Amino acid sequence: MEEMKRNPRIESFLLTLKILFQSPASVFGVVVVLIYIAIAAIDQFDPSLIGLTNVNSLVPNFTIPEPLPPSPAHPFGTVYPGIDIFTGILKAIRIDIGFAFFVVILGAVSGVLIGVISAYFGGWIDEIVMRITDIFFSIPYLVLAIAIGFFLGRSLFILSVGLIIIWWPIYARVVRGQSLAVREQTFVEAARASGVGNSKIMFRHILPNTLAPIFVQFSFDLATIVLTLATLNFIGFAPANAYLPDMGYLSSIGYEYAVIGDWWTIVFPGFGLLLFALAMNLVGDGLRDALDPRLRR
Amino acid sequence: MKLSTYIIRRVLVLIPTLIGLTLIVFLLTRAGGTNMIISSYLNPHLPYAVQRAMLVKEFHLNDPIWVQYYYYMVGLLQGNWGYTHTAIYSGPVTTAISLFLPNTIQLSIIAFIIAVVIAIPAGQESAVRKNSAVDQISRFVAFVGISLPVFWLAQILSEVFATPTVSPALNILPLSGTVDATLMAGVPWINSIGVSNPTHIMMIDALIHGNLPIFFSSIRHVILPAATLAFTSIAGIMRYMRASMVESLSQDYVKTARSKGLPEKVVIKVHARKNALIPVVTILGLLFAGLLGGVVVIEDLFSYPGMGLWTVDAILGYDSGGIMGTTIVFGLILVTANFIVDLLYAWIDPRIRLGE
Amino acid sequence: MEKEMIKLNQGPLLEVKDLSVEFLTDFGNVKALNNINLQIKEGEFIGIVGESGSGKSTLAFSISALLPPNAKVSGYVKFKNDIITSPEISGFSTVKMKRSQRKILTSTMANIRWKGISMIFQGAMNSFNPVYTIGKQIEEVFYIHTDLPKEEVKKKVVDLVKTAHLDPSVLKSYPHELSGGMKQRAIIAMALALSPDLVIADEPTTGLDVISQAKIIEELKRLRKEGKIKTLIIISHDLGVVSQLADRVLVMYGGNIFEEANKDEILEKPFNPYTFELLNSYPSILKTDQILKGIPGNPPDLTKDRPGCVFAERCEFAQQICFETKPKLMEIGERKSYCHFADTIAKDPIKFFTSNLTAGEGALDLLERSDISKNKTLIKLENLKKYFNLRGSASGELFGSISSKKFVRAVDDITLEIKEGEILGLVGESGSGKTTLGRVVLRTLDVTSGHLYVNFSKDSGDDFKDIAKVKEKSKLFKEYRLMTQMIFQDPYDSLNPKMLISDIVTEPVRAHKVTKDPMEMEEMASYTLSLVKLNPPERYMDRYPHELSGGERQRVAMARAFILKPKLLVADEPISMLDVSLRASFLNLILSLRKEFNLTVLYITHDIASAKYISDNILVIYLGEGIEYGSSNDLINNPLHPYTKALIKAIPDVYGMKEFSETDIIGEVGNAIDIPQGCRFYDRCPYRQEKCKNEKPPKRGTENHWYICHFSQEELENIRKNKNQK
């Protein structure tokens, strides 16, 4: 019998998916995340598909400013001043997820590069990089984000740059730790004995073997960043009349009304956040298992 | 390495960390511009230009950056931390710290203890009964705990337990403050701005002076914020403890213990748990960092007058003195917490304690 | 009542009846044990031998009632009167067991564990809990099982460690502070705490050095003589270790008992093809010109159902019937054998095994040694040294004064010549510096001082250049890289898990830019894979390392090393992590490459028997220094250095029992930091005299067989006689 030409790289990827989808929790996570990403993409490219206009701002309606409970016209109700929560959340998904991806991708890329360089050169470069990460780990990240946003400007962009500055050390540490462990494995020495150059060893042998925990960390961090941004906006980073489509901001304007019994003003935006963060965490947890070499034998 | 050498080394590592911490705050303020630096010293009733010129000279703002840093550090060390003007307090930053820091320490330590006391046994049980219903449920709760927006949880808890308009039946806890203000009037060991003596931590001072009403009132006030704060950390510790315990239970020494005929309880408690705790201890510092982040939001929502509430008020009031102060203090709390965690780690693991 | 007691005492101590164990895993059900029957009488020492996946550990767990919850059991294990493993109370069913049932079970087991059955685990591993002292962990046994007061327990524990020849001070130590050998003795002490009826020793010497291993074996023999160990089950992958201790040996393969017989019978006249072939896989220092055959193929996949014998696919004597029906464990007198042809074999084993032999690998001519002494020299090492700085973190340096700066003298002053086409065995214990020497020769580690002359001549002439200090970027160095290659100990660690086999094998081609043509590269890979007998090569090219077995991976590593036809191959313990049956054929592969391509090999090993099998010459290395050198036959038949003598005596050879007395060697291998001023072996040498302490010993003997010692052979003999008189 003729053996089929196999593509081992695709097979390996399919194996990851297969293990990932063995757990219903991961399936749930993946589905939810995909739905969020789809909404964000529709917001970005053709918001009219889901009947949205002006995706960059919440639209107030001063004719009926007071909060209305959920109804067919406003499935999640409204919040002062007459903002429809449902469309608000749909718009917020694009901003929040886009922001989170921007921060985590840039944070991860710069962190991975710095970590690899640190592990590769070792010596005093490594010592300095590690001391710098120590410093970043010595301030609670939310407090540092506040300080950065406060002094450098309260725009979303500055905030995201600030969070990137805060986030790279996590990846630098993970990659460095992994690299040092991988460096001790004999296939690296085998490559050196074969005459393979240093940079090739770093990028062909060491880096690919450090990626599994990076993917896991990446998923967890997407959840954390979305929550962090919402929290910052909630405690007042976005000015009161910013009309920023963000679930934290939505919650902060709903806060006063919730206290007097308008529960929907906080329940839905909060749930929108919870669902995404939960899904992302479940994906991360599933990935951890799916990429675990011990389970792939 | 002896334990004493280990401690000395650990103390030495503190120095670059502390320099780095102040350097970050210093650089941020300098990036913010001259007005950011001097705004908290300005007196609105005096001419701006004169004051500005004086302040620029006082802070050496025209000098090279490292000279500025030198004077900044000298100021910090001499206790000259600037002024803060926020809704809850206006005056020297150092006084504000003495006012708010004890409350935050009280809150975060109570929350941390609650979190550890619940999370460690829960993680252990989850690992022992891996894949059972108990495990599945606690893992799900942990995931929800990690994914919950802190402010959302705080809102919901405050509405359920502290808002008569929403849930009159369950309105059993106070919503704001650290202690009933009426109880504090005329108490000799509390000074005019509300700082208690001698420890500054209200709960302990109340016990020292035998003032039970204040003690119980401060407990009632701390329950909601501490519980909220704890919940956010439980998930992380539990997840880590579970993984660590599963690892530990699969080790050879656990097999040895079982074959020795030790009851399963002893195997778990004596042999597996202590080893599982070692890696958990190493990440407690990181988790404490997350907890301090939560402090900011939770103190704000529960109007709990601590560092976090001050921070939020400083953001809203564009108060640079407050932000500089809180950032450094939060940094110092975390550095101290990490230091204690490392000592704990050395104490718990004989491989470090006795070393080579 | 009394009558019954007597009857009980005559019955077996332990009975295993129709025991099958299956593990339920995500990747299918692993049939770990099939229908095992076994009886052990009081006073017997039973050995169980098997390779990985043979089921020997599962059997040990069943006997000690420690099966994990994912085990599905049928049949039972009975200890004295109690069932300790059965479908109702073991593995799978314990998950859903009622509380009351569990209580009863726990109380029965509490009586049996450690009082009835105790275990000696592999001590070098994690068998002691790292966070408690040894003393606490031994005392614990008494607190659980007896009501003795604290002082009495302490006294008993001190007595116990003394029986195991340990100093009572170890009781206050944590496990990480003890050497492997000491830990193993402590584990033995703990196992004997309650004078158990049955002791199970699971790989008790694995991970220990040869000499520590010999001492542990002696220890167990002594404890039997003294009556401290009544009945023992010893489990090992090493038939040598088992044959030193056991009266009766069980050979296991693929979850079945393949053969059961007295030790001598099994070693002399195996009744089972597997045993026969396994015996043919052990290199022995006692047999000259022995041809090892090994067993072709891979260990069986136990998740698959097969109609026939589990060994059929690898068996050289397999017939049609072996693939179609399962054999039965046939009783032949006192012996048992699991084979369709057991009866035929029993009638005349020699006839069966010689006449039915299918064409073998033709290993015979591999051992034919051409005279290499006339070959040109490929590499010369002169006073080669490699020291490592011992330093902690940067902040730690602040406290260390310059005077206390320490070195690890991993390689200290080695002078050596390797001829082209020679296989040189480099033998030493762990920590001897043998691995470092291999790496220094390849220059993956820098040289501290000394010379490394390499003959770059393309023809028969000499063109020596010293490359000890040559820069890595230089042309000469690159040329040297092209001449040399390496294979490593751990086949799981030495292949990049993210790369395809074809990419791994062709990596040196790309690194040296030999060709960029993908077709040519594929051809080279394919040719080399078939050279290392991975056939057909196409089956392997598009796979990842994790899809291959350990033996196959090691061959891939060999293919990578050999693709550019290097002149020198450094093989660092290439077989020590392979199953016994796979080792011989890997050694034969090295021999065949040498024969065909005149390859020069530096064979690094702790296993002197395998070094003897493949090497022309052997260098014994101790704490970084070469202490004896000679042709492999000379060195092994007539060792000169006290250390080599001890080392050779310590080998648990399948074909010979030796008494290993305490005076042969003292202590355990030292470290290369605090080196004695005089002779390096001073601390452990049984012949040591005053002058050995401070004077460097001279080189003795001939150029072809030298050793480093203050004494000639006669002098050593005299010292020995004097000592024995005392």
# chains A, B, ... in the order shown; residues from 1 in each chain; ligands from 1
>>> interface_residues(of="chain A", to="chain C", cutoff="8 Å", atoms="only C-alpha atoms", output="MDAnalysis selection string")
chainID A and resid 6:8 185:197 205 208:209 297
>>> write_last_selection(atoms="C-alpha atoms", output="CSV table (one decimal), in the first residue's frame")
chain,number,residue,atom,x,y,z
A,6,ARG,CA,2.1,13.4,5.1
A,7,ASN,CA,2.7,16.9,6.1
A,8,PRO,CA,4.0,16.6,9.7
A,185,GLN,CA,19.5,20.1,26.5
A,186,THR,CA,22.0,18.2,24.5
A,187,PHE,CA,20.5,18.9,21.1
A,188,VAL,CA,21.9,22.4,21.4
A,189,GLU,CA,25.3,21.1,22.0
A,190,ALA,CA,24.8,18.6,19.2
A,191,ALA,CA,24.1,21.6,16.9
A,192,ARG,CA,27.2,23.4,18.0
A,193,ALA,CA,29.3,20.3,17.5
A,194,SER,CA,27.8,20.1,14.0
A,195,GLY,CA,29.2,23.5,13.3
A,196,VAL,CA,25.9,25.4,13.4
A,197,GLY,CA,26.3,29.1,14.1
A,205,HIS,CA,16.9,25.5,18.2
A,208,PRO,CA,11.0,27.4,18.9
A,209,ASN,CA,11.2,25.3,22.1
A,297,ARG,CA,3.9,11.5,23.3
>>> interface_residues(of="chain A", to="chain B", cutoff="8 Å", atoms="only C-alpha atoms", output="ChimeraX atom specification")
/A:131-132,134-144,146-148,150-152,223-224,227,230-231,234-237,251,255,259-261,266-267,270,273-275,277-278,281-282
>>> closest_residue(among="C:Val49, C:Leu587, C:Leu66, C:Ile295", to="chain B", atoms="only C-alpha atoms")
C:Leu66
>>> interface_residues(of="chain C", to="chain B", cutoff="6 Å", atoms="only C-alpha atoms", output="list of chain:residue names")
C:Ala110, C:Arg113, C:Trp114, C:Asn126, C:Ser127, C:Phe128, C:Asn129, C:Val131
>>> write_last_selection(atoms="N, CA and C atoms", output="compact mmCIF listing (two decimals), in the first residue's frame")
# COMPACT_ATOMS: atom_id res chain seq x y z
N ALA C 110 -2.72 -1.50 56.65
CA ALA C 110 -1.83 -0.90 57.64
C ALA C 110 -1.00 -1.97 58.32
N ARG C 113 1.54 -3.39 55.39
CA ARG C 113 2.57 -2.48 54.91
C ARG C 113 3.68 -2.33 55.95
N TRP C 114 4.86 -2.51 55.49
CA TRP C 114 6.10 -2.35 56.23
C TRP C 114 6.32 -3.43 57.28
N ASN C 126 14.07 10.17 44.10
CA ASN C 126 13.36 10.97 45.09
C ASN C 126 12.63 10.17 46.15
N SER C 127 13.19 9.05 46.58
CA SER C 127 12.41 8.21 47.48
C SER C 127 12.31 8.77 48.90
N PHE C 128 13.28 9.61 49.26
CA PHE C 128 13.15 10.32 50.53
C PHE C 128 12.54 11.68 50.27
N ASN C 129 11.70 12.10 51.19
CA ASN C 129 11.09 13.41 51.08
C ASN C 129 12.16 14.48 51.35
N VAL C 131 12.18 17.48 52.24
CA VAL C 131 12.06 18.52 53.27
C VAL C 131 12.13 17.98 54.70
>>> residues_around(residues="range 22-27 of chain A", least_positions_apart="3", cutoff="6 Å", atoms="only C-alpha atoms", output="ChimeraX atom specification")
/A:19,30,282-283,286
>>> write_last_selection(atoms="C-alpha atoms", output="PDB file, in the first residue's frame")
ATOM      1  CA  ILE A  19      -6.160  17.658  22.380  1.00  0.00           C
ATOM      2  CA  VAL A  30     -12.607  29.039  21.689  1.00  0.00           C
ATOM      3  CA  LEU A 282     -10.132  28.627  29.474  1.00  0.00           C
ATOM      4  CA  VAL A 283      -8.339  28.728  26.133  1.00  0.00           C
ATOM      5  CA  GLY A 286      -6.545  24.208  27.371  1.00  0.00           C
TER       6      GLY A 286
END
>>> residues_around(residues="range 100-105 of chain A", least_positions_apart="2", cutoff="12 Å", atoms="only C-alpha atoms", output="count of residues only")
51
>>> residues_around(residues="Ile83 in chain C", least_positions_apart="3", cutoff="10 Å", atoms="only C-alpha atoms", output="MDAnalysis selection string")
chainID C and resid 14:16 65 76:80 86 89 105 108:109
>>> residues_around(residues="Gly50 in chain C", least_positions_apart="5", cutoff="8 Å", atoms="only C-alpha atoms", output="count of residues only")
8
>>> select_by_dssp(residues="range 22-253 of chain B", states="alpha helix (DSSP H)", output="number ranges by chain")
B: 22-32, 34-38, 48-58, 65-77, 93-128, 133-147, 150-162, 181-184, 202-208, 212-249, 252-253
>>> residues_around(residues="Leu20 in chain A", least_positions_apart="6", cutoff="12 Å", atoms="only C-alpha atoms", output="list in words")
Phe13, Leu14, Ser26, Val27, Phe28, Gly29, Val30, Leu282, Val283, Gly284, Asp285, Gly286, Leu287, Arg288, Asp289, Ala290, Leu291, Asp292, Leu295 and Arg296 of chain A
>>> write_last_selection(atoms="N, CA and C atoms", output="mmCIF file, in the first residue's frame")
data_model
loop_
_atom_site.group_PDB
_atom_site.id
_atom_site.type_symbol
_atom_site.label_atom_id
_atom_site.label_comp_id
_atom_site.auth_asym_id
_atom_site.auth_seq_id
_atom_site.Cartn_x
_atom_site.Cartn_y
_atom_site.Cartn_z
ATOM 1 N N PHE A 13 -0.035 20.433 14.209
ATOM 2 C CA PHE A 13 -1.007 21.457 14.552
ATOM 3 C C PHE A 13 -2.373 20.838 14.836
ATOM 4 N N LEU A 14 -2.745 19.864 13.975
ATOM 5 C CA LEU A 14 -4.047 19.208 14.170
ATOM 6 C C LEU A 14 -4.082 18.446 15.492
ATOM 7 N N SER A 26 -12.541 24.097 26.896
ATOM 8 C CA SER A 26 -11.739 24.772 25.875
ATOM 9 C C SER A 26 -12.591 25.097 24.654
ATOM 10 N N VAL A 27 -13.458 24.152 24.280
ATOM 11 C CA VAL A 27 -14.329 24.391 23.128
ATOM 12 C C VAL A 27 -15.170 25.640 23.378
ATOM 13 N N PHE A 28 -15.747 25.709 24.591
ATOM 14 C CA PHE A 28 -16.534 26.872 24.967
ATOM 15 C C PHE A 28 -15.688 28.138 24.841
ATOM 16 N N GLY A 29 -14.480 28.089 25.385
ATOM 17 C CA GLY A 29 -13.583 29.245 25.333
ATOM 18 C C GLY A 29 -13.305 29.679 23.917
ATOM 19 N N VAL A 30 -12.945 28.715 23.070
ATOM 20 C CA VAL A 30 -12.607 29.039 21.689
ATOM 21 C C VAL A 30 -13.800 29.664 20.973
ATOM 22 N N LEU A 282 -9.895 30.039 29.774
ATOM 23 C CA LEU A 282 -10.132 28.627 29.474
ATOM 24 C C LEU A 282 -9.294 28.189 28.283
ATOM 25 N N VAL A 283 -9.177 29.068 27.289
ATOM 26 C CA VAL A 283 -8.339 28.728 26.133
ATOM 27 C C VAL A 283 -6.889 28.547 26.581
ATOM 28 N N GLY A 284 -6.437 29.477 27.421
ATOM 29 C CA GLY A 284 -5.061 29.383 27.907
ATOM 30 C C GLY A 284 -4.817 28.082 28.644
ATOM 31 N N ASP A 285 -5.758 27.719 29.492
ATOM 32 C CA ASP A 285 -5.625 26.490 30.265
ATOM 33 C C ASP A 285 -5.616 25.269 29.345
ATOM 34 N N GLY A 286 -6.505 25.307 28.331
ATOM 35 C CA GLY A 286 -6.545 24.208 27.371
ATOM 36 C C GLY A 286 -5.248 24.109 26.590
ATOM 37 N N LEU A 287 -4.723 25.274 26.203
ATOM 38 C CA LEU A 287 -3.466 25.285 25.452
ATOM 39 C C LEU A 287 -2.333 24.705 26.267
ATOM 40 N N ARG A 288 -2.352 24.999 27.551
ATOM 41 C CA ARG A 288 -1.280 24.506 28.410
ATOM 42 C C ARG A 288 -1.228 22.971 28.333
ATOM 43 N N ASP A 289 -2.414 22.367 28.380
ATOM 44 C CA ASP A 289 -2.449 20.906 28.263
ATOM 45 C C ASP A 289 -2.072 20.464 26.859
ATOM 46 N N ALA A 290 -2.646 21.159 25.867
ATOM 47 C CA ALA A 290 -2.451 20.715 24.483
ATOM 48 C C ALA A 290 -0.999 20.833 24.046
ATOM 49 N N LEU A 291 -0.272 21.787 24.632
ATOM 50 C CA LEU A 291 1.116 21.983 24.219
ATOM 51 C C LEU A 291 2.101 21.278 25.143
ATOM 52 N N ASP A 292 1.567 20.620 26.178
ATOM 53 C CA ASP A 292 2.439 19.933 27.126
ATOM 54 C C ASP A 292 3.082 18.723 26.447
ATOM 55 N N LEU A 295 2.059 15.195 27.362
ATOM 56 C CA LEU A 295 0.779 14.641 26.938
ATOM 57 C C LEU A 295 0.750 14.351 25.442
ATOM 58 N N ARG A 296 1.811 14.751 24.741
ATOM 59 C CA ARG A 296 1.781 14.598 23.282
ATOM 60 C C ARG A 296 2.486 13.363 22.784
#
>>> select_by_dssp(residues="range 225-299 of chain C", states="strand (DSSP E)", output="count of residues only")
19
>>> atom_distance(atom1="CA of Thr94 in chain C", atom2="CA of Pro69 in chain C")
6.7 Å
>>> decode(residues="range 176-210 of chain B", atoms="C-alpha atoms", output="JSON list (two decimals), in the first residue's frame")
[["chain", "number", "residue", "atom", "x", "y", "z"],
["B", 176, "SER", "CA", -17.82, 53.04, 53.54],
["B", 177, "GLY", "CA", -15.01, 54.07, 55.89],
["B", 178, "THR", "CA", -12.83, 52.03, 58.22],
["B", 179, "VAL", "CA", -14.78, 52.51, 61.41],
["B", 180, "ASP", "CA", -17.93, 54.18, 62.64],
["B", 181, "ALA", "CA", -17.09, 57.88, 62.84],
["B", 182, "THR", "CA", -19.35, 58.40, 65.86],
["B", 183, "LEU", "CA", -17.30, 55.93, 67.90],
["B", 184, "MET", "CA", -14.08, 57.81, 67.26],
["B", 185, "ALA", "CA", -15.12, 61.11, 68.76],
["B", 186, "GLY", "CA", -13.20, 61.97, 71.89],
["B", 187, "VAL", "CA", -11.14, 58.79, 71.97],
["B", 188, "PRO", "CA", -7.77, 59.86, 73.41],
["B", 189, "TRP", "CA", -5.57, 57.48, 71.37],
["B", 190, "ILE", "CA", -6.92, 58.71, 68.04],
["B", 191, "ASN", "CA", -5.49, 62.02, 66.89],
["B", 192, "SER", "CA", -7.27, 64.84, 65.14],
["B", 193, "ILE", "CA", -6.83, 63.56, 61.61],
["B", 194, "GLY", "CA", -7.98, 60.08, 62.56],
["B", 195, "VAL", "CA", -4.65, 58.27, 63.04],
["B", 196, "SER", "CA", -4.68, 55.82, 65.92],
["B", 197, "ASN", "CA", -1.77, 55.18, 68.25],
["B", 198, "PRO", "CA", 0.56, 53.46, 68.89],
["B", 199, "THR", "CA", 0.61, 51.12, 65.87],
["B", 200, "HIS", "CA", -1.54, 53.31, 63.58],
["B", 201, "ILE", "CA", -3.50, 50.18, 62.70],
["B", 202, "MET", "CA", -6.96, 50.82, 64.09],
["B", 203, "MET", "CA", -7.91, 47.23, 64.75],
["B", 204, "ILE", "CA", -4.78, 46.46, 66.75],
["B", 205, "ASP", "CA", -4.85, 49.74, 68.63],
["B", 206, "ALA", "CA", -8.47, 49.18, 69.61],
["B", 207, "LEU", "CA", -7.48, 45.83, 71.10],
["B", 208, "ILE", "CA", -4.48, 47.35, 72.85],
["B", 209, "HIS", "CA", -6.69, 49.95, 74.49],
["B", 210, "GLY", "CA", -9.48, 47.48, 75.06]]
